[in-house]
Structure formats: structure tokens, C-alpha cells
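Have a look at data13.cif below; it lists mmCIF, C-alpha atoms.
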```
data_run
loop_
_atom_site.group_PDB
_atom_site.id
_atom_site.type_symbol
_atom_site.label_atom_id
_atom_site.label_comp_id
_atom_site.auth_asym_id
_atom_site.auth_seq_id
_atom_site.Cartn_x
_atom_site.Cartn_y
_atom_site.Cartn_z
ATOM 1 C CA CYS A 197 -20.986 3.133 -28.256
ATOM 2 C CA THR A 198 -22.079 0.597 -30.826
ATOM 3 C CA ASN A 199 -19.048 -1.675 -30.615
ATOM 4 C CA PHE A 200 -18.416 -4.596 -28.286
ATOM 5 C CA TYR A 201 -15.310 -4.576 -26.121
ATOM 6 C CA ALA A 202 -14.843 -7.835 -24.236
ATOM 7 C CA ASN A 203 -12.743 -6.277 -21.469
ATOM 8 C CA CYS A 204 -15.983 -4.908 -20.016
ATOM 9 C CA PHE A 205 -16.708 -8.442 -18.829
ATOM 10 C CA GLU A 206 -13.213 -9.700 -18.000
ATOM 11 C CA ASN A 207 -13.794 -10.207 -14.265
ATOM 12 C CA LEU A 208 -17.089 -12.072 -14.618
ATOM 13 C CA ASN A 209 -15.593 -15.564 -14.848
ATOM 14 C CA ASN A 210 -18.663 -17.316 -13.419
ATOM 15 C CA LEU A 211 -21.146 -15.646 -15.757
ATOM 16 C CA GLU A 212 -23.221 -18.280 -17.588
ATOM 17 C CA GLU A 213 -25.694 -16.152 -19.538
ATOM 18 C CA LEU A 214 -25.167 -12.785 -21.215
ATOM 19 C CA ASN A 215 -27.995 -10.945 -22.940
ATOM 20 C CA LEU A 216 -26.889 -7.962 -25.035
ATOM 21 C CA SER A 217 -30.080 -7.694 -27.083
ATOM 22 C CA ASN A 218 -31.331 -4.376 -28.446
ATOM 23 C CA ASN A 219 -28.090 -2.447 -27.922
ATOM 24 C CA ARG A 220 -27.446 -1.281 -31.485
ATOM 25 C CA MET A 221 -24.107 -3.115 -31.459
ATOM 26 C CA GLU A 222 -22.395 -3.169 -34.834
ATOM 27 C CA LEU A 223 -19.088 -4.948 -34.288
ATOM 28 C CA MET A 224 -17.357 -7.306 -31.905
ATOM 29 C CA PHE A 225 -13.631 -6.525 -31.888
ATOM 30 C CA GLU A 226 -12.223 -8.866 -29.272
ATOM 31 C CA PRO A 227 -12.594 -12.450 -28.093
ATOM 32 C CA ILE A 228 -15.113 -12.876 -25.320
ATOM 33 C CA GLY A 229 -13.182 -14.120 -22.286
ATOM 34 C CA LEU A 230 -16.001 -15.706 -20.304
ATOM 35 C CA PRO A 231 -15.007 -19.347 -19.820
ATOM 36 C CA ASN A 232 -18.284 -20.451 -18.207
ATOM 37 C CA LEU A 233 -20.636 -18.678 -20.609
ATOM 38 C CA LYS A 234 -23.344 -21.046 -21.852
ATOM 39 C CA ILE A 235 -25.843 -18.650 -23.428
ATOM 40 C CA LEU A 236 -24.970 -15.543 -25.443
ATOM 41 C CA ILE A 237 -27.873 -13.507 -26.780
ATOM 42 C CA LEU A 238 -27.031 -10.774 -29.277
ATOM 43 C CA ARG A 239 -30.545 -10.501 -30.710
ATOM 44 C CA ASN A 240 -31.787 -7.347 -32.471
ATOM 45 C CA ASN A 241 -28.542 -5.454 -32.870
ATOM 46 C CA LEU A 242 -26.845 -4.148 -36.024
ATOM 47 C CA ILE A 243 -24.198 -6.888 -36.329
ATOM 48 C CA GLN A 244 -23.328 -7.779 -39.917
ATOM 49 C CA LYS A 245 -20.384 -10.159 -39.466
ATOM 50 C CA LEU A 246 -19.243 -12.699 -36.928
ATOM 51 C CA PHE A 247 -15.609 -13.646 -36.594
ATOM 52 C CA PRO A 248 -14.485 -17.000 -35.148
ATOM 53 C CA LYS A 249 -11.896 -15.237 -32.970
ATOM 54 C CA ASN A 250 -14.723 -13.656 -30.973
ATOM 55 C CA PHE A 251 -15.849 -17.071 -29.781
ATOM 56 C CA GLN A 252 -12.562 -18.979 -29.534
ATOM 57 C CA ASN A 253 -12.545 -19.201 -25.720
ATOM 58 C CA LEU A 254 -16.211 -20.009 -25.207
ATOM 59 C CA TYR A 255 -15.804 -23.727 -24.603
ATOM 60 C CA ASN A 256 -19.088 -24.042 -22.696
ATOM 61 C CA LEU A 257 -21.230 -22.025 -25.118
ATOM 62 C CA ARG A 258 -24.415 -23.903 -25.980
ATOM 63 C CA VAL A 259 -26.664 -21.155 -27.375
ATOM 64 C CA LEU A 260 -25.729 -18.224 -29.577
ATOM 65 C CA ASP A 261 -28.724 -16.146 -30.639
ATOM 66 C CA VAL A 262 -27.940 -13.550 -33.298
ATOM 67 C CA SER A 263 -31.454 -13.339 -34.714
ATOM 68 C CA GLY A 264 -32.698 -9.925 -35.745
ATOM 69 C CA ASN A 265 -29.276 -8.744 -36.954
ATOM 70 C CA LYS A 266 -28.089 -8.096 -40.499
ATOM 71 C CA ILE A 267 -25.859 -11.177 -40.549
ATOM 72 C CA GLN A 268 -25.842 -13.242 -43.688
ATOM 73 C CA CYS A 269 -25.725 -16.778 -42.312
ATOM 74 C CA SER A 270 -24.050 -18.828 -44.971
ATOM 75 C CA ASN A 271 -23.552 -22.581 -44.912
ATOM 76 C CA GLU A 272 -19.810 -21.910 -44.765
ATOM 77 C CA LEU A 273 -20.168 -19.939 -41.527
ATOM 78 C CA LEU A 274 -22.299 -22.643 -39.965
ATOM 79 C CA GLU A 275 -20.100 -25.541 -41.126
ATOM 80 C CA LYS A 276 -16.874 -23.996 -39.851
ATOM 81 C CA SER A 277 -18.372 -22.860 -36.599
ATOM 82 C CA PHE A 278 -17.991 -24.925 -33.442
ATOM 83 C CA PHE A 279 -21.298 -23.496 -32.204
ATOM 84 C CA SER A 280 -23.302 -24.292 -35.329
ATOM 85 C CA PRO A 281 -25.725 -26.728 -33.665
ATOM 86 C CA TYR A 282 -26.644 -24.043 -31.143
ATOM 87 C CA MET A 283 -26.777 -20.967 -33.336
ATOM 88 C CA CYS A 284 -29.977 -19.061 -34.058
ATOM 89 C CA CYS A 285 -29.815 -16.781 -37.091
#
```

Give the structure from the file, written as C-alpha cells.
Amino acid sequence: CTNFYANCFENLNNLEELNLSNNRMELMFEPIGLPNLKILILRNNLIQKLFPKNFQNLYNLRVLDVSGNKIQCSNELLEKSFFSPYMCC
């Protein structure tokens, strides 16, 4: 499966770091419900777009690494994003 389904992680409330690098993921359909997540690494997948709804509940997120994907990081995405100071494109 090349799509991300957040319910796979719904009972991991204390998880602080999640590394999903090199999984050939293409899309993230649902918000990630991990309230204590600080580091999310999505490096080297096939993701082309990020949607703010995917990150709406990640109040503690400090690092989002999406390097090595096909995402076009525009200034608009970075300006509107609450995680912009911590994002690696």
C-alpha cells in the first residue's frame, strides 16, 4: 500500500518520533492523531502534496522532514504552515 492511513497509529499516544522514510508513500488521507509527536520523517517517498488537515492535531511537532519527495515547496505552503520553521523540503 502506498497511501498513509493514520488509524494505524491511533493507539500510540506517547509516540514522539515517527520515521516513515523509504516506504513509497504517495498520499496522506487522514489527520495524524499523535498528540505527542515531535519528529515526523517522511523522507524519500513519492509524496507530491501536503495538506494542512494532515497536521492539524500535531501541536508538539518540531521537525517535519519531507526531503527526497516530489513535493513542490512553495512560499505559500511554508507561509501558511504552522510547522514552517521546522520543515525540511

### Message
If we count all atoms listed in the file and set the cut-off at 10 Å, which residues sit around Ile243 (chain A), ignoring sequence neighbours fewer than 4 positions away in its own chain? Please answer as a list in words.
### Response
Thr198, Asn199, Arg220, Met221, Glu222, Leu223, Met224, Leu238, Arg239, Val262, Ser263, Gly264, Asn265, Lys266, Ile267 and Gln268 of chain A

Using C-alpha atoms, can you write the selected residues to a file as a PDB file, in the frame of the given file?
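Result saved to selection_6.pdb:
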```
ATOM      1  CA  THR A 198     -22.079   0.597 -30.826  1.00  0.00           C
ATOM      2  CA  ASN A 199     -19.048  -1.675 -30.615  1.00  0.00           C
ATOM      3  CA  ARG A 220     -27.446  -1.281 -31.485  1.00  0.00           C
ATOM      4  CA  MET A 221     -24.107  -3.115 -31.459  1.00  0.00           C
ATOM      5  CA  GLU A 222     -22.395  -3.169 -34.834  1.00  0.00           C
ATOM      6  CA  LEU A 223     -19.088  -4.948 -34.288  1.00  0.00           C
ATOM      7  CA  MET A 224     -17.357  -7.306 -31.905  1.00  0.00           C
ATOM      8  CA  LEU A 238     -27.031 -10.774 -29.277  1.00  0.00           C
ATOM      9  CA  ARG A 239     -30.545 -10.501 -30.710  1.00  0.00           C
ATOM     10  CA  VAL A 262     -27.940 -13.550 -33.298  1.00  0.00           C
ATOM     11  CA  SER A 263     -31.454 -13.339 -34.714  1.00  0.00           C
ATOM     12  CA  GLY A 264     -32.698  -9.925 -35.745  1.00  0.00           C
ATOM     13  CA  ASN A 265     -29.276  -8.744 -36.954  1.00  0.00           C
ATOM     14  CA  LYS A 266     -28.089  -8.096 -40.499  1.00  0.00           C
ATOM     15  CA  ILE A 267     -25.859 -11.177 -40.549  1.00  0.00           C
ATOM     16  CA  GLN A 268     -25.842 -13.242 -43.688  1.00  0.00           C
TER      17      GLN A 268
END
```

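Using all atoms listed in the file, the contacts of Leu233 (chain A) at a cut-off of 8 Å, with sequence neighbours closer than 6 positions omitted, comprise Asn210, Leu211, Glu212, Glu213, Leu214, Leu254, Asn256 and Leu257 of chain A.
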
Within 12 Å of Cys204 (chain A) using only C-alpha atoms, minus same-chain residues under 5 positions, as an mmCIF file with C-alpha atoms, in the coordinates of the input:
```
data_model
loop_
_atom_site.group_PDB
_atom_site.id
_atom_site.type_symbol
_atom_site.label_atom_id
_atom_site.label_comp_id
_atom_site.auth_asym_id
_atom_site.auth_seq_id
_atom_site.Cartn_x
_atom_site.Cartn_y
_atom_site.Cartn_z
ATOM 1 C CA ASN A 199 -19.048 -1.675 -30.615
ATOM 2 C CA ASN A 209 -15.593 -15.564 -14.848
ATOM 3 C CA GLU A 226 -12.223 -8.866 -29.272
ATOM 4 C CA PRO A 227 -12.594 -12.450 -28.093
ATOM 5 C CA ILE A 228 -15.113 -12.876 -25.320
ATOM 6 C CA GLY A 229 -13.182 -14.120 -22.286
ATOM 7 C CA LEU A 230 -16.001 -15.706 -20.304
#
```

### Query
With all atoms listed in the file as the atoms that count, which of A:Asn253, A:Asn207, A:Asn219, A:Gln244 lies nearest to Pro231 (chain A)?
A:Asn253

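Between CA of Asp261 (chain A) and CA of Asn232 (chain A) there is a distance of 16.8 Å.
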
### Interatomic distance (Å, one decimal) between CA of Phe247 (chain A) and CA of Leu260 (chain A)
13.1 Å
